[in-house]
Structure formats: structure tokens, C-alpha cells
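Undergrad: Structure file upload-v1.txt, compact mmCIF, C-alpha atoms and all ligand atoms, is pasted below:
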```txt
# COMPACT_ATOMS: atom_id res chain seq x y z
CA MET A 1 15.87 27.80 87.35
CA ASN A 2 19.15 26.37 88.51
CA ALA A 3 18.84 23.04 90.33
CA TYR A 4 21.81 23.77 92.59
CA ASP A 5 20.37 27.15 93.66
CA ASN A 6 17.13 25.32 94.47
CA ALA A 7 19.01 22.70 96.48
CA LEU A 8 20.82 25.36 98.51
CA ARG A 9 17.54 27.16 99.19
CA GLN A 10 16.06 23.93 100.51
CA LEU A 11 19.11 23.52 102.76
CA GLU A 12 18.85 27.09 104.01
CA LYS A 13 15.15 26.78 104.83
CA ALA A 14 15.60 23.64 106.95
CA ALA A 15 18.87 24.83 108.52
CA LYS A 16 17.22 28.03 109.71
CA LEU A 17 14.32 26.19 111.33
CA ILE A 18 16.55 23.92 113.39
CA LYS A 19 19.27 26.56 113.88
CA LEU A 20 21.79 24.23 112.33
CA ASP A 21 25.43 24.77 113.35
CA LYS A 22 27.06 27.30 110.98
CA GLU A 23 30.04 25.03 110.33
CA VAL A 24 27.73 22.22 109.26
CA VAL A 25 25.87 24.58 106.93
CA ALA A 26 29.20 25.73 105.47
CA ARG A 27 30.33 22.16 104.85
CA LEU A 28 27.06 21.31 103.15
CA SER A 29 27.01 24.45 101.01
CA ALA A 30 29.73 23.21 98.66
CA PRO A 31 30.91 19.84 97.37
CA GLU A 32 34.03 18.29 98.88
CA LYS A 33 35.42 17.58 95.44
CA VAL A 34 34.51 18.18 91.79
CA ALA A 35 36.16 16.18 89.02
CA MET A 36 35.82 16.81 85.30
CA ALA A 37 37.22 14.89 82.37
CA SER A 38 37.17 14.95 78.61
CA LEU A 39 36.10 11.50 77.49
CA PRO A 40 37.42 10.56 74.03
CA VAL A 41 35.42 7.97 72.12
CA LYS A 42 36.30 6.53 68.72
CA MET A 43 32.95 6.48 66.92
CA ASP A 44 31.80 3.72 64.54
CA ASP A 45 32.54 5.93 61.51
CA GLY A 46 36.16 6.30 62.60
CA SER A 47 35.85 9.87 63.87
CA LEU A 48 36.87 10.89 67.38
CA GLN A 49 34.32 12.53 69.62
CA ILE A 50 35.05 14.11 72.99
CA PHE A 51 32.33 14.01 75.66
CA GLN A 52 32.33 16.13 78.80
CA GLY A 53 32.21 13.96 81.95
CA TYR A 54 31.69 14.88 85.61
CA ARG A 55 31.87 13.35 89.06
CA VAL A 56 30.87 15.44 92.07
CA GLN A 57 31.77 14.08 95.52
CA TYR A 58 29.53 16.15 97.70
CA ASN A 59 29.83 14.85 101.23
CA SER A 60 31.37 11.77 102.84
CA ALA A 61 30.65 12.44 106.53
CA ARG A 62 28.43 9.35 106.78
CA GLY A 63 30.30 7.02 104.42
CA PRO A 64 31.67 6.61 100.90
CA TYR A 65 30.18 8.81 98.21
CA LYS A 66 27.16 7.21 96.55
CA GLY A 67 25.07 8.21 93.57
CA GLY A 68 24.28 7.57 89.94
CA ILE A 69 25.74 8.68 86.63
CA ARG A 70 23.45 10.51 84.24
CA PHE A 71 23.88 10.43 80.46
CA HIS A 72 21.88 13.34 79.05
CA PRO A 73 22.47 16.16 76.56
CA GLN A 74 21.49 18.82 79.13
CA VAL A 75 23.81 17.64 81.93
CA ASP A 76 25.83 20.49 83.44
CA LEU A 77 28.00 20.94 86.51
CA ASP A 78 25.40 22.72 88.63
CA GLU A 79 22.88 19.98 87.91
CA VAL A 80 25.37 17.29 88.96
CA LYS A 81 26.20 19.27 92.12
CA ALA A 82 22.51 19.50 93.03
CA LEU A 83 21.97 15.80 92.39
CA ALA A 84 25.07 14.92 94.47
CA PHE A 85 23.86 17.07 97.36
CA TRP A 86 20.42 15.44 97.24
CA MET A 87 22.14 12.03 97.40
CA ALA A 88 23.83 13.03 100.68
CA ILE A 89 20.45 14.08 102.09
CA LYS A 90 18.71 10.98 100.68
CA CYS A 91 21.17 8.48 102.18
CA ALA A 92 20.75 10.19 105.56
CA VAL A 93 16.94 10.11 105.19
CA VAL A 94 16.91 6.31 104.87
CA ASP A 95 19.81 6.09 107.32
CA ILE A 96 22.27 4.14 105.18
CA PRO A 97 26.00 4.66 105.87
CA MET A 98 26.79 6.38 102.60
CA GLY A 99 27.59 9.92 101.52
CA GLY A 100 26.44 11.79 98.45
CA GLY A 101 27.91 11.87 94.97
CA LYS A 102 26.77 12.06 91.36
CA GLY A 103 28.21 11.84 87.90
CA GLY A 104 27.23 12.79 84.42
CA VAL A 105 28.12 12.92 80.77
CA VAL A 106 26.87 15.48 78.28
CA VAL A 107 25.59 13.10 75.62
CA ASN A 108 22.43 11.95 73.92
CA PRO A 109 22.86 8.19 74.44
CA LYS A 110 19.99 7.45 72.07
CA SER A 111 22.19 8.64 69.21
CA LEU A 112 25.02 6.21 70.07
CA SER A 113 25.40 2.60 68.91
CA GLN A 114 25.86 -0.13 71.53
CA SER A 115 29.59 -0.27 70.91
CA GLU A 116 29.96 3.52 71.18
CA LEU A 117 27.98 3.44 74.42
CA GLU A 118 30.21 0.69 75.75
CA LYS A 119 33.34 2.69 74.91
CA LEU A 120 31.89 5.77 76.63
CA ALA A 121 31.04 3.77 79.77
CA ARG A 122 34.50 2.18 79.93
CA THR A 123 36.19 5.55 79.27
CA TRP A 124 34.18 7.19 82.06
CA ILE A 125 35.36 4.69 84.67
CA ARG A 126 38.95 4.77 83.39
CA SER A 127 39.01 8.56 83.59
CA PHE A 128 37.70 8.63 87.16
CA ARG A 129 39.48 5.44 88.33
CA ASP A 130 41.52 7.23 90.99
CA ILE A 131 38.52 8.72 92.77
CA VAL A 132 35.96 5.89 92.51
CA GLY A 133 36.20 2.51 94.23
CA PRO A 134 34.15 0.18 96.45
CA GLU A 135 35.39 1.93 99.60
CA LYS A 136 35.49 5.43 98.15
CA ASP A 137 32.79 6.34 95.70
CA ILE A 138 30.22 3.97 94.25
CA PRO A 139 28.30 5.05 91.11
CA ALA A 140 24.98 3.58 89.93
CA PRO A 141 22.44 4.13 87.15
CA ASP A 142 20.49 7.35 86.74
CA VAL A 143 18.66 8.96 83.81
CA TYR A 144 19.54 7.06 80.58
CA THR A 145 22.06 4.74 82.20
CA ASN A 146 21.21 1.11 82.97
CA PRO A 147 22.48 -2.26 84.27
CA GLN A 148 24.35 -2.99 81.02
CA ILE A 149 26.32 0.26 81.36
CA MET A 150 27.07 -0.62 85.00
CA ALA A 151 28.32 -4.06 83.91
CA TRP A 152 30.79 -2.48 81.46
CA MET A 153 31.97 -0.11 84.17
CA ALA A 154 32.40 -2.87 86.79
CA ASP A 155 34.28 -4.99 84.25
CA GLU A 156 36.57 -2.14 83.20
CA TYR A 157 37.34 -1.23 86.81
CA SER A 158 38.03 -4.87 87.69
CA GLN A 159 40.51 -5.08 84.80
CA LEU A 160 42.19 -1.85 85.90
CA VAL A 161 42.74 -3.03 89.46
CA GLY A 162 43.55 -6.58 88.40
CA LYS A 163 40.90 -8.37 90.44
CA PRO A 164 37.12 -8.76 90.45
CA SER A 165 35.82 -5.62 92.12
CA LEU A 166 32.08 -5.72 91.65
CA GLY A 167 31.31 -3.38 94.55
CA VAL A 168 32.63 -0.41 92.54
CA VAL A 169 29.20 0.27 91.03
CA THR A 170 25.66 -0.82 91.87
CA GLY A 171 22.62 -1.37 89.71
CA LYS A 172 24.45 -4.15 87.86
CA PRO A 173 22.70 -7.02 86.04
CA LEU A 174 21.76 -10.03 88.19
CA GLU A 175 24.27 -12.24 86.33
CA PHE A 176 27.10 -9.89 87.24
CA GLY A 177 26.80 -9.06 90.93
CA GLY A 178 23.45 -7.28 90.79
CA SER A 179 20.87 -7.51 93.55
CA LYS A 180 17.41 -8.95 93.27
CA GLY A 181 14.88 -6.15 93.46
CA ARG A 182 17.26 -3.36 92.38
CA GLU A 183 15.52 -2.60 89.07
CA SER A 184 12.15 -2.06 90.72
CA ALA A 185 13.49 -0.53 93.95
CA THR A 186 13.04 3.16 93.12
CA ALA A 187 9.40 2.73 92.17
CA MET A 188 8.77 0.20 94.94
CA GLY A 189 10.05 2.58 97.63
CA GLY A 190 7.83 5.38 96.30
CA PHE A 191 4.89 3.01 96.10
CA TYR A 192 5.28 1.96 99.75
CA ILE A 193 5.33 5.58 100.89
CA LEU A 194 2.33 6.48 98.73
CA GLN A 195 0.40 3.55 100.23
CA GLU A 196 1.20 4.93 103.71
CA ALA A 197 0.00 8.41 102.73
CA VAL A 198 -3.15 6.98 101.14
CA LYS A 199 -3.90 4.98 104.31
CA GLU A 200 -3.32 8.02 106.50
CA GLN A 201 -5.80 10.06 104.47
CA ASN A 202 -8.34 7.21 104.46
CA LEU A 203 -8.38 7.09 100.66
CA GLU A 204 -9.21 4.09 98.54
CA PRO A 205 -6.65 3.22 95.82
CA LYS A 206 -9.39 2.02 93.45
CA LYS A 207 -10.93 5.49 93.45
CA LEU A 208 -7.69 7.33 92.76
CA LYS A 209 -6.66 8.72 89.39
CA VAL A 210 -2.97 9.03 88.66
CA ALA A 211 -0.77 10.86 86.16
CA ILE A 212 2.86 9.86 85.67
CA GLN A 213 5.44 12.05 83.92
CA GLY A 214 8.33 9.90 82.67
CA PHE A 215 8.23 6.31 81.49
CA GLY A 216 11.77 5.15 82.18
CA ASN A 217 12.85 2.75 84.92
CA ALA A 218 11.10 4.61 87.73
CA GLY A 219 7.98 5.83 85.92
CA SER A 220 7.10 2.64 84.05
CA ILE A 221 7.54 0.35 87.05
CA MET A 222 5.56 2.75 89.24
CA ALA A 223 2.78 2.71 86.61
CA LYS A 224 2.72 -1.08 86.74
CA LEU A 225 2.69 -1.21 90.56
CA LEU A 226 -0.16 1.30 90.74
CA TYR A 227 -2.12 -0.43 87.97
CA ASP A 228 -1.78 -3.80 89.72
CA ALA A 229 -2.90 -2.22 93.01
CA GLY A 230 -6.09 -0.93 91.37
CA TYR A 231 -5.23 2.74 90.86
CA LYS A 232 -6.50 4.25 87.62
CA VAL A 233 -3.51 5.54 85.64
CA VAL A 234 -5.18 8.11 83.36
CA ALA A 235 -2.22 10.10 82.04
CA LEU A 236 1.31 9.23 81.00
CA ALA A 237 4.22 11.12 79.52
CA ASP A 238 7.61 10.34 78.06
CA SER A 239 10.19 12.57 76.38
CA LYS A 240 8.21 12.45 73.11
CA GLY A 241 4.71 13.34 74.35
CA MET A 242 1.81 13.07 76.79
CA ILE A 243 -1.30 10.91 76.57
CA TYR A 244 -4.62 10.71 78.39
CA ASN A 245 -7.41 8.15 78.79
CA SER A 246 -10.20 8.94 81.25
CA ARG A 247 -10.93 5.23 81.78
CA GLY A 248 -7.33 4.48 82.70
CA PHE A 249 -4.57 2.75 80.73
CA ASN A 250 -3.83 -0.96 80.63
CA ILE A 251 -0.23 -0.57 81.76
CA ASP A 252 0.90 -4.00 80.56
CA LYS A 253 -0.12 -2.96 77.06
CA VAL A 254 1.55 0.46 77.35
CA ILE A 255 4.81 -1.15 78.50
CA GLU A 256 4.70 -3.50 75.52
CA HIS A 257 3.96 -0.57 73.18
CA LYS A 258 6.90 1.42 74.59
CA ARG A 259 9.19 -1.59 74.15
CA THR A 260 8.34 -2.07 70.47
CA LYS A 261 7.57 1.50 69.36
CA LYS A 262 10.08 3.30 71.64
CA SER A 263 7.46 5.81 72.83
CA ILE A 264 4.07 5.82 74.52
CA ARG A 265 2.89 8.70 72.32
CA THR A 266 1.35 6.51 69.65
CA PHE A 267 -0.51 4.22 72.07
CA PRO A 268 -3.86 3.33 70.43
CA GLY A 269 -6.99 5.00 71.80
CA ALA A 270 -5.10 7.61 73.79
CA LYS A 271 -5.76 11.33 73.54
CA LYS A 272 -2.65 13.43 73.05
CA ILE A 273 -2.44 16.29 75.52
CA THR A 274 -0.10 19.24 76.06
CA THR A 275 2.23 19.73 79.04
CA GLU A 276 -0.08 22.49 80.28
CA GLU A 277 -3.10 20.17 80.15
CA PHE A 278 -1.13 17.37 81.80
CA PHE A 279 -0.34 19.39 84.92
CA ALA A 280 -3.89 20.72 85.20
CA LEU A 281 -5.64 17.32 85.02
CA LYS A 282 -8.34 16.44 87.52
CA ILE A 283 -6.43 13.65 89.23
CA ASP A 284 -5.59 12.56 92.75
CA VAL A 285 -1.95 11.55 92.51
CA LEU A 286 0.76 13.13 90.37
CA VAL A 287 4.05 11.29 89.91
CA PRO A 288 6.86 13.32 88.34
CA ALA A 289 9.39 10.69 87.25
CA ALA A 290 11.48 12.57 84.70
CA LEU A 291 13.74 15.59 85.22
CA GLU A 292 14.19 18.65 87.45
CA ASN A 293 12.12 21.84 87.45
CA GLN A 294 8.88 20.46 86.03
CA ILE A 295 6.55 21.88 88.69
CA THR A 296 7.20 25.60 88.83
CA LYS A 297 5.49 28.81 89.87
CA ASP A 298 3.90 28.83 86.40
CA ASN A 299 1.94 25.57 86.77
CA ALA A 300 1.85 24.80 90.53
CA GLU A 301 -1.40 26.72 90.94
CA ASP A 302 -3.08 24.51 88.28
CA ILE A 303 -2.31 21.23 90.01
CA GLN A 304 -5.46 19.40 91.13
CA ALA A 305 -3.79 16.34 92.65
CA GLY A 306 -3.85 16.05 96.43
CA ILE A 307 -0.64 14.01 96.55
CA ILE A 308 2.59 14.36 94.57
CA VAL A 309 5.13 11.53 94.67
CA GLU A 310 8.51 12.76 93.45
CA LEU A 311 10.23 9.81 91.80
CA ALA A 312 12.37 12.28 89.82
CA ASN A 313 15.07 14.25 91.57
CA GLY A 314 14.29 17.93 92.00
CA PRO A 315 11.06 18.11 89.96
CA THR A 316 9.59 20.91 92.11
CA THR A 317 11.09 24.39 92.47
CA PRO A 318 11.07 26.19 95.87
CA GLU A 319 8.48 28.72 94.61
CA ALA A 320 6.21 25.87 93.51
CA ASP A 321 6.72 24.18 96.88
CA ASP A 322 5.34 27.27 98.64
CA ILE A 323 2.29 27.37 96.37
CA LEU A 324 1.59 23.65 96.81
CA TYR A 325 1.91 23.88 100.59
CA GLU A 326 -0.48 26.82 100.62
CA ASN A 327 -2.94 24.74 98.54
CA LYS A 328 -2.57 21.78 100.93
CA VAL A 329 -1.06 19.48 98.32
CA VAL A 330 0.99 16.76 100.04
CA VAL A 331 4.38 16.58 98.34
CA ILE A 332 6.27 13.38 99.12
CA PRO A 333 9.76 14.70 98.42
CA ASP A 334 12.34 13.09 96.13
CA VAL A 335 14.82 12.46 98.95
CA LEU A 336 12.26 10.10 100.48
CA ALA A 337 10.04 9.05 97.55
CA ASN A 338 12.87 7.79 95.33
CA ALA A 339 15.26 6.67 98.07
CA GLY A 340 14.36 3.01 97.48
CA GLY A 341 16.84 2.96 94.58
CA VAL A 342 19.90 3.89 96.58
CA THR A 343 18.70 1.77 99.49
CA VAL A 344 18.78 -1.40 97.40
CA SER A 345 22.04 -0.17 95.84
CA TYR A 346 23.45 -0.23 99.36
CA PHE A 347 22.10 -3.78 99.78
CA GLU A 348 23.77 -4.75 96.50
CA TRP A 349 27.07 -3.31 97.72
CA LEU A 350 26.73 -5.24 100.98
CA GLN A 351 26.12 -8.44 99.02
CA ASN A 352 29.14 -7.78 96.76
CA THR A 353 31.46 -7.15 99.68
CA SER A 354 30.20 -10.12 101.73
CA HIS A 355 29.80 -12.49 98.73
CA ASN A 356 26.50 -13.51 100.24
CA TYR A 357 23.43 -12.96 98.06
CA TRP A 358 19.92 -12.26 99.35
CA SER A 359 16.54 -13.57 98.23
CA GLU A 360 13.94 -11.25 96.74
CA GLU A 361 11.93 -11.53 99.98
CA GLU A 362 14.92 -10.46 102.08
CA VAL A 363 15.58 -7.44 99.86
CA ASP A 364 11.94 -6.43 100.00
CA LYS A 365 11.73 -6.81 103.77
CA GLU A 366 14.92 -4.79 104.31
CA LEU A 367 13.68 -2.12 101.88
CA ARG A 368 10.44 -1.70 103.80
CA GLU A 369 12.39 -1.55 107.03
CA ARG A 370 14.32 1.46 105.73
CA MET A 371 11.46 3.25 103.97
CA ILE A 372 8.67 3.06 106.55
CA PRO A 373 10.66 4.37 109.55
CA ALA A 374 11.98 7.17 107.31
CA TRP A 375 8.40 8.11 106.43
CA GLN A 376 7.39 7.98 110.10
CA ALA A 377 10.32 10.17 111.23
CA ILE A 378 9.56 12.70 108.49
CA SER A 379 5.80 12.80 109.18
CA GLN A 380 6.57 13.36 112.82
CA ALA A 381 9.01 16.19 112.08
CA ALA A 382 6.45 17.77 109.73
CA GLU A 383 3.89 17.78 112.51
CA GLU A 384 6.30 19.00 115.14
CA TYR A 385 7.55 21.94 113.08
CA LYS A 386 4.29 22.51 111.18
CA ILE A 387 6.07 22.32 107.85
CA ASP A 388 6.02 20.56 104.51
CA LEU A 389 7.43 17.04 104.12
CA ARG A 390 10.47 18.19 102.13
CA THR A 391 11.68 20.51 104.86
CA ALA A 392 10.86 17.80 107.39
CA ALA A 393 12.96 15.28 105.44
CA PHE A 394 15.83 17.77 105.36
CA ILE A 395 15.52 18.29 109.12
CA VAL A 396 15.74 14.54 109.77
CA ALA A 397 18.69 14.16 107.37
CA LEU A 398 20.55 17.28 108.51
CA ASP A 399 20.38 16.17 112.11
CA ARG A 400 22.05 12.87 111.16
CA LEU A 401 24.61 14.57 108.91
CA ALA A 402 25.42 17.16 111.57
CA LYS A 403 26.09 14.47 114.15
CA ALA A 404 28.48 12.69 111.76
CA ILE A 405 30.24 15.96 110.91
CA LYS A 406 30.52 17.18 114.51
CA ILE A 407 31.79 13.93 116.02
CA LYS A 408 34.98 14.35 114.00
CA ASN A 409 35.58 17.98 114.98
N1 LIG B 501 20.27 7.47 90.58
C1 LIG B 501 19.51 7.01 91.71
C2 LIG B 501 19.15 8.17 92.61
O1 LIG B 501 19.09 9.29 92.18
C3 LIG B 501 20.16 5.86 92.43
C4 LIG B 501 21.51 6.13 93.02
C5 LIG B 501 22.21 4.90 93.58
O2 LIG B 501 21.64 3.83 93.56
O3 LIG B 501 23.34 5.08 94.04
O4 LIG B 501 18.82 7.99 93.74
```
Transcribe the structure of this file into C-alpha cells.
TA:
Amino acid sequence: MNAYDNALRQLEKAAKLIKLDKEVVARLSAPEKVAMASLPVKMDDGSLQIFQGYRVQYNSARGPYKGGIRFHPQVDLDEVKALAFWMAIKCAVVDIPMGGGKGGVVVNPKSLSQSELEKLARTWIRSFRDIVGPEKDIPAPDVYTNPQIMAWMADEYSQLVGKPSLGVVTGKPLEFGGSKGRESATAMGGFYILQEAVKEQNLEPKKLKVAIQGFGNAGSIMAKLLYDAGYKVVALADSKGMIYNSRGFNIDKVIEHKRTKKSIRTFPGAKKITTEEFFALKIDVLVPAALENQITKDNAEDIQAGIIVELANGPTTPEADDILYENKVVVIPDVLANAGGVTVSYFEWLQNTSHNYWSEEEVDKELRERMIPAWQAISQAAEEYKIDLRTAAFIVALDRLAKAIKIKN
């Protein structure tokens, strides 16, 4: 299960359906540039540790490269390539003038002290200083990176170029060039699309049971949004375990528990369940909000949920997609479901470059105005071609990317 192979299969499937120009397919079948660096960090104990760092600049036909940096022990080049490709598709889906990029470091950030983490963040941006920049390539948070890490990177870059240059990364803290609404944007975007799907199917949120895999920025905020909207969140998972409560969790309490105890696993009154049980639960909505390749040919058949909202990138393999489509499960694909994050990143970048900051209401209004038309265009394409929403999203995005690529030929 290689994420990049999966990404290329998704491209091939959509390209075939719309008979996409061969040159466009060729350009999108490989990244424009791949950069790798050894990142030396002096650890607190005085030893030197070298971390492997990556930046993949996949496609810039529609604008500067855009996409997060992941800190995770399992990061590898093919994963970063897949994530960078999905960013190019995602930005086209929500029609923002940005290309696709992604970065990573092979590291378990939970094992680093704050000062080691700061050194790693500053070293990353120093190592890639020639290829990133507010007009070139704009990183952001991803799995296990956060606003604090973005602040260190923006500060380091500003020092390197000798002037404040906050637009070099997005997802920064509010006090340092961040945008209102950026922290909640990924979940919020997914929530808006889910609400549209729920309306379309004439379902009632209060009657819907939800399971969420992942309790980081995307998963925990989605849990809170759903809980506040009356959905019953019956199952949760983080990297340490999975829990179930048939009556539904009080998400405020779970968030507090996670904050103090570092995991949801020990939440009082919850039943611990296995991964197998988690994916076979009798629920209505499943929200993968962790890593790639979670829904596979081995568990897709067990899934009872009628709707899947992919807040994670690449959680479903192509084989699983076929099974889910056959079983009439509506999969709201990552490139749409989690596109709220990069959309508000783009707003943040606009605010940094114009020095004019928006209110929360403005951000929210602009976010809706990107997400809802994207959903409508994708639903329409799905109907027209009688296909799943992922392939429909690719069709919408590829059409936009192809136009940008061809106009320069
Ligand atoms: N890491 C997020 C994603 O996968 C956000 C990227 C960004 O804001 O540039 O979409």
C-alpha cells in the first residue's frame, strides 16, 4: 500500500474518463522538483542527531506551491509525493490560485523537548530557504506540526532574508500573522460539506451516530462541531487506542481529558475497542482524521456508515473505494472534505501580503463561498459521469489544472 501509487491510480481513473490530454497527464505523473536535506540538530544531552527532511514541489501551474510539513516517524518520500500531488488537486478543487507541495521530516516529535523541536523547525526552513518563499512555496502545518512550529519557521525565514516575511508559511499563531479561523478551518470545511450531504439525503443530525479516527487538530475540532450540532459521537480513536460509548461522548470532557492525560484511551466510562471493531461499528458517519491507508480491501466490506468524511489525506485505498462505491457508501473525498485548511491558509497568505486582517465572520463567509460551490461542482460531475465523488473531484480539478497547463504551451 503505497500512497503515491494510490494517488497515481486516482489520477489515471479520472484522466481516462475525461480523456485528459496526454501531456497534462505526463506533467501530473511526476513532481516538478524533489528536495531532500539532512537536518542536524544538537540535542539537549549534547549529542548531534541528523533528521531526514523533504520538500516536494509537485505542480505550480496554478500558482506557488502550497502544502504542509509533516513530522512523523513513518514519513517517506513516496508519502510526501502523494501528499504534494493531492495538494495540487485540492487547491484546484476549491479554486484557489496555488499549486501543490508538501514537506516532511522523519521524526517522532513527541520524543523531542521544546527546544529540540524549535531547532528542528528552524533547521528545516534554513535548509530549504532557497526553494521556499512567499511567492514560491508556502508551507503550513500537517500531522504533528502546529502554529508554534510555523512561528519558529516564519521567524527564522524573516531573519534569513533580513525583513519580516510572514507570508512564507501559513497556520501561524494569531499574534504572529495568523488568520482567525485557521485552526478550525479543516474541520469546519468538512463539517459544512457533511451538512450539505446530510441535507441532500434528508437525514436528521440528531439521529446520526458518528465515529472519528484521529483526535488531533482536525479530528478533535470535528468532534466538537458535530457534538454541538447534535450528532451522537459514539466512537473515537487516537494513536494510543479506540473507545466506544453507545450513548455518545461528551466531547468537551473528552477534549479536556486528552489535554491533561495526553490520550483519549483512558476516558472514564468508555469501552475500549479494537481497530477491527471500530471500522465495523453500526454508525451513520465515519470520519477518518488520521493517516493514509486506513480503509482498505480488508475492512471496507465491514463498514456500516452511509457517509465517510475524509479529513485525513489518503485514508481510503483505490480497492476500498471500489467496494464502498459498490455498497453505496458516500465517500466525501479528502481533496474536498479537508480543503478548508488550505483555503484559510490562502486567506492568511492574502492577509499577510496585504497587511489587512479579516474578522472571523469574513473568514467564515469566504470559506463557505469556496467550499459550497466546490461541493456543488463535484456533485454535478458525479451525476453527469455516474461516478464516485473522488473521481468527480479529480475531474473538476484536472479540468482546471489542464487549462492552466495548456494556456502556457
Ligand atoms: N496540511 C493541510 C492539508 O493537508 C493544510 C495545508 C496548507 O494549509 O497549506 O491540506
Undergrad: Using all atoms listed in the file, which residues have at least one atom no more than 6 Å from ligand LIG 501 (chain B)? Output them as a tab-separated table (two decimals) with C-alpha atoms, in the frame of the given file.
TA:
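Now in selection-v9.tsv:
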```
chain	number	residue	atom	x	y	z
A	66	LYS	CA	27.16	7.21	96.55
A	67	GLY	CA	25.07	8.21	93.57
A	68	GLY	CA	24.28	7.57	89.94
A	139	PRO	CA	28.30	5.05	91.11
A	140	ALA	CA	24.98	3.58	89.93
A	141	PRO	CA	22.44	4.13	87.15
A	142	ASP	CA	20.49	7.35	86.74
A	339	ALA	CA	15.26	6.67	98.07
A	341	GLY	CA	16.84	2.96	94.58
A	342	VAL	CA	19.90	3.89	96.58
A	345	SER	CA	22.04	-0.17	95.84
```
Undergrad: Compile a residue-level contact table for stretch 146-189 of chain A against stretch 115-126 of chain A at a cut-off of 8 Å, reporting for every qualifying residue the shortest atom pair and its distance in Å to one decimal, with all atoms listed in the file counted, rows ordered by chain and ascending number, as CSV.
TA:
```
residue,atom,partner,partner_atom,distance
A:Ile149,CA,A:Ala121,CA,6.1
A:Met150,CA,A:Ala121,CA,7.9
A:Trp152,CA,A:Arg122,CA,6.1
A:Met153,CA,A:Arg122,CA,5.4
A:Glu156,CA,A:Arg122,CA,5.8
A:Tyr157,CA,A:Ile125,CA,6.6
A:Leu160,CA,A:Arg126,CA,7.8
```
Undergrad: Which residues, protein or nucleic acid, reach to within 12 Å of (11.6, 9.2, 91.4) in the file's coordinates when using all atoms listed in the file, and can you give that as a tab-separated table (two decimals) with C-alpha atoms, in the frame of the given file?
TA:
```tsv
chain	number	residue	atom	x	y	z
A	90	LYS	CA	18.71	10.98	100.68
A	142	ASP	CA	20.49	7.35	86.74
A	143	VAL	CA	18.66	8.96	83.81
A	184	SER	CA	12.15	-2.06	90.72
A	185	ALA	CA	13.49	-0.53	93.95
A	186	THR	CA	13.04	3.16	93.12
A	187	ALA	CA	9.40	2.73	92.17
A	188	MET	CA	8.77	0.20	94.94
A	189	GLY	CA	10.05	2.58	97.63
A	190	GLY	CA	7.83	5.38	96.30
A	191	PHE	CA	4.89	3.01	96.10
A	193	ILE	CA	5.33	5.58	100.89
A	212	ILE	CA	2.86	9.86	85.67
A	213	GLN	CA	5.44	12.05	83.92
A	214	GLY	CA	8.33	9.90	82.67
A	215	PHE	CA	8.23	6.31	81.49
A	216	GLY	CA	11.77	5.15	82.18
A	217	ASN	CA	12.85	2.75	84.92
A	218	ALA	CA	11.10	4.61	87.73
A	219	GLY	CA	7.98	5.83	85.92
A	220	SER	CA	7.10	2.64	84.05
A	221	ILE	CA	7.54	0.35	87.05
A	222	MET	CA	5.56	2.75	89.24
A	223	ALA	CA	2.78	2.71	86.61
A	286	LEU	CA	0.76	13.13	90.37
A	287	VAL	CA	4.05	11.29	89.91
A	288	PRO	CA	6.86	13.32	88.34
A	289	ALA	CA	9.39	10.69	87.25
A	290	ALA	CA	11.48	12.57	84.70
A	291	LEU	CA	13.74	15.59	85.22
A	292	GLU	CA	14.19	18.65	87.45
A	308	ILE	CA	2.59	14.36	94.57
A	309	VAL	CA	5.13	11.53	94.67
A	310	GLU	CA	8.51	12.76	93.45
A	311	LEU	CA	10.23	9.81	91.80
A	312	ALA	CA	12.37	12.28	89.82
A	313	ASN	CA	15.07	14.25	91.57
A	314	GLY	CA	14.29	17.93	92.00
A	315	PRO	CA	11.06	18.11	89.96
A	316	THR	CA	9.59	20.91	92.11
A	332	ILE	CA	6.27	13.38	99.12
A	333	PRO	CA	9.76	14.70	98.42
A	334	ASP	CA	12.34	13.09	96.13
A	335	VAL	CA	14.82	12.46	98.95
A	336	LEU	CA	12.26	10.10	100.48
A	337	ALA	CA	10.04	9.05	97.55
A	338	ASN	CA	12.87	7.79	95.33
A	339	ALA	CA	15.26	6.67	98.07
A	340	GLY	CA	14.36	3.01	97.48
A	341	GLY	CA	16.84	2.96	94.58
A	342	VAL	CA	19.90	3.89	96.58
```
Undergrad: Within 12 Å of (6.3, 1.0, 74.7) (file coordinates; all atoms listed in the file), which protein or nucleic acid residues are there? I'd like them as an MDAnalysis selection string.
TA: chainID A and resid 215:216 220 236:238 240 250:268
Undergrad: For atom CA of A:Val363 and atom CA of A:Leu174, determine how far apart the two atoms are, in Å to one decimal place.
TA: 13.5 Å
Undergrad: Smallest atom-to-atom distance to A:Val233: which of A:Asp284, A:Glu12, A:Asp302, A:Asp130, using all atoms listed in the file?
TA: A:Asp284
Undergrad: Report, in Å with one decimal, the straight-line distance from atom CA of A:Ile50 to atom CA of A:Glu79.
TA: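 Computing the Euclidean distance for atom CA of A:Ile50 and atom CA of A:Glu79 yields 20.1 Å.
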Undergrad: Point out the residue among A:Lys13, A:Lys328, A:Gly241, A:Ile295 with the least atom-to-atom distance to A:Ile273, counting only C-alpha atoms.
TA: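 Residue with the minimum atom-to-atom distance to A:Ile273: A:Gly241.
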Undergrad: Select, from A:Tyr144, A:Phe249, A:Phe85, A:Phe279, the residue with the minimum atom-to-atom distance to A:His72, counting all atoms listed in the file.
TA: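 Selected residue with least distance to A:His72: A:Tyr144.
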Undergrad: Mind dumping a table of every stretch 2-110 of chain A residue within 8 Å of stretch 371-375 of chain A, with the nearest atom pair and its distance in Å to one decimal, using all atoms listed in the file, sorted by chain and rising number, as a tab-separated table?
TA:
```
residue	atom	partner	partner_atom	distance
A:Val93	CA	A:Ala374	CA	6.1
A:Val94	CA	A:Ala374	CA	5.6
A:Asp95	CA	A:Ala374	CA	7.9
```
Undergrad: Using C-alpha atoms, can you export the residues from the last selection as a short mmCIF file (atom, residue, chain, number, x, y, z; two decimals), keeping the file's coordinate frame?
TA:
```cif
data_model
loop_
_atom_site.label_atom_id
_atom_site.label_comp_id
_atom_site.auth_asym_id
_atom_site.auth_seq_id
_atom_site.Cartn_x
_atom_site.Cartn_y
_atom_site.Cartn_z
CA VAL A 93 16.94 10.11 105.19
CA VAL A 94 16.91 6.31 104.87
CA ASP A 95 19.81 6.09 107.32
#
```
Undergrad: When you draw a straight line from atom CA of A:Val234 to atom CA of A:Leu281, how long is it in Å?
TA: 9.4 Å
Undergrad: Rank nothing, just name the residue among A:Ala197, A:Asp322, A:Pro40, A:Lys136 nearest to A:Ile378, using all atoms listed in the file.
TA: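 Among the listed residues, the smallest separation from A:Ile378 belongs to A:Ala197.
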Undergrad: Smallest atom-to-atom distance to A:Ala229: which of A:Arg390, A:Lys206, A:Lys42, A:Arg27, using all atoms listed in the file?
TA: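 Selected residue with least distance to A:Ala229: A:Lys206.
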Undergrad: Taking all atoms of stretch 185-194 of chain A that the file lists and extending 5 Å past them on each side, where is the centre of the axis-aligned box and how long are its edges? Answer in Å to one decimal, as JSON.
TA:
```
{"center_x": 7.9, "center_y": 3.0, "center_z": 96.5, "size_x": 21.2, "size_y": 17.0, "size_z": 18.7}
```
Undergrad: Of the candidates A:Lys408, A:Tyr231, A:Glu366, A:Tyr346, which shows the shortest atom-to-atom distance to A:Glu204, using all atoms listed in the file?
TA: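 Closest candidate: A:Tyr231.
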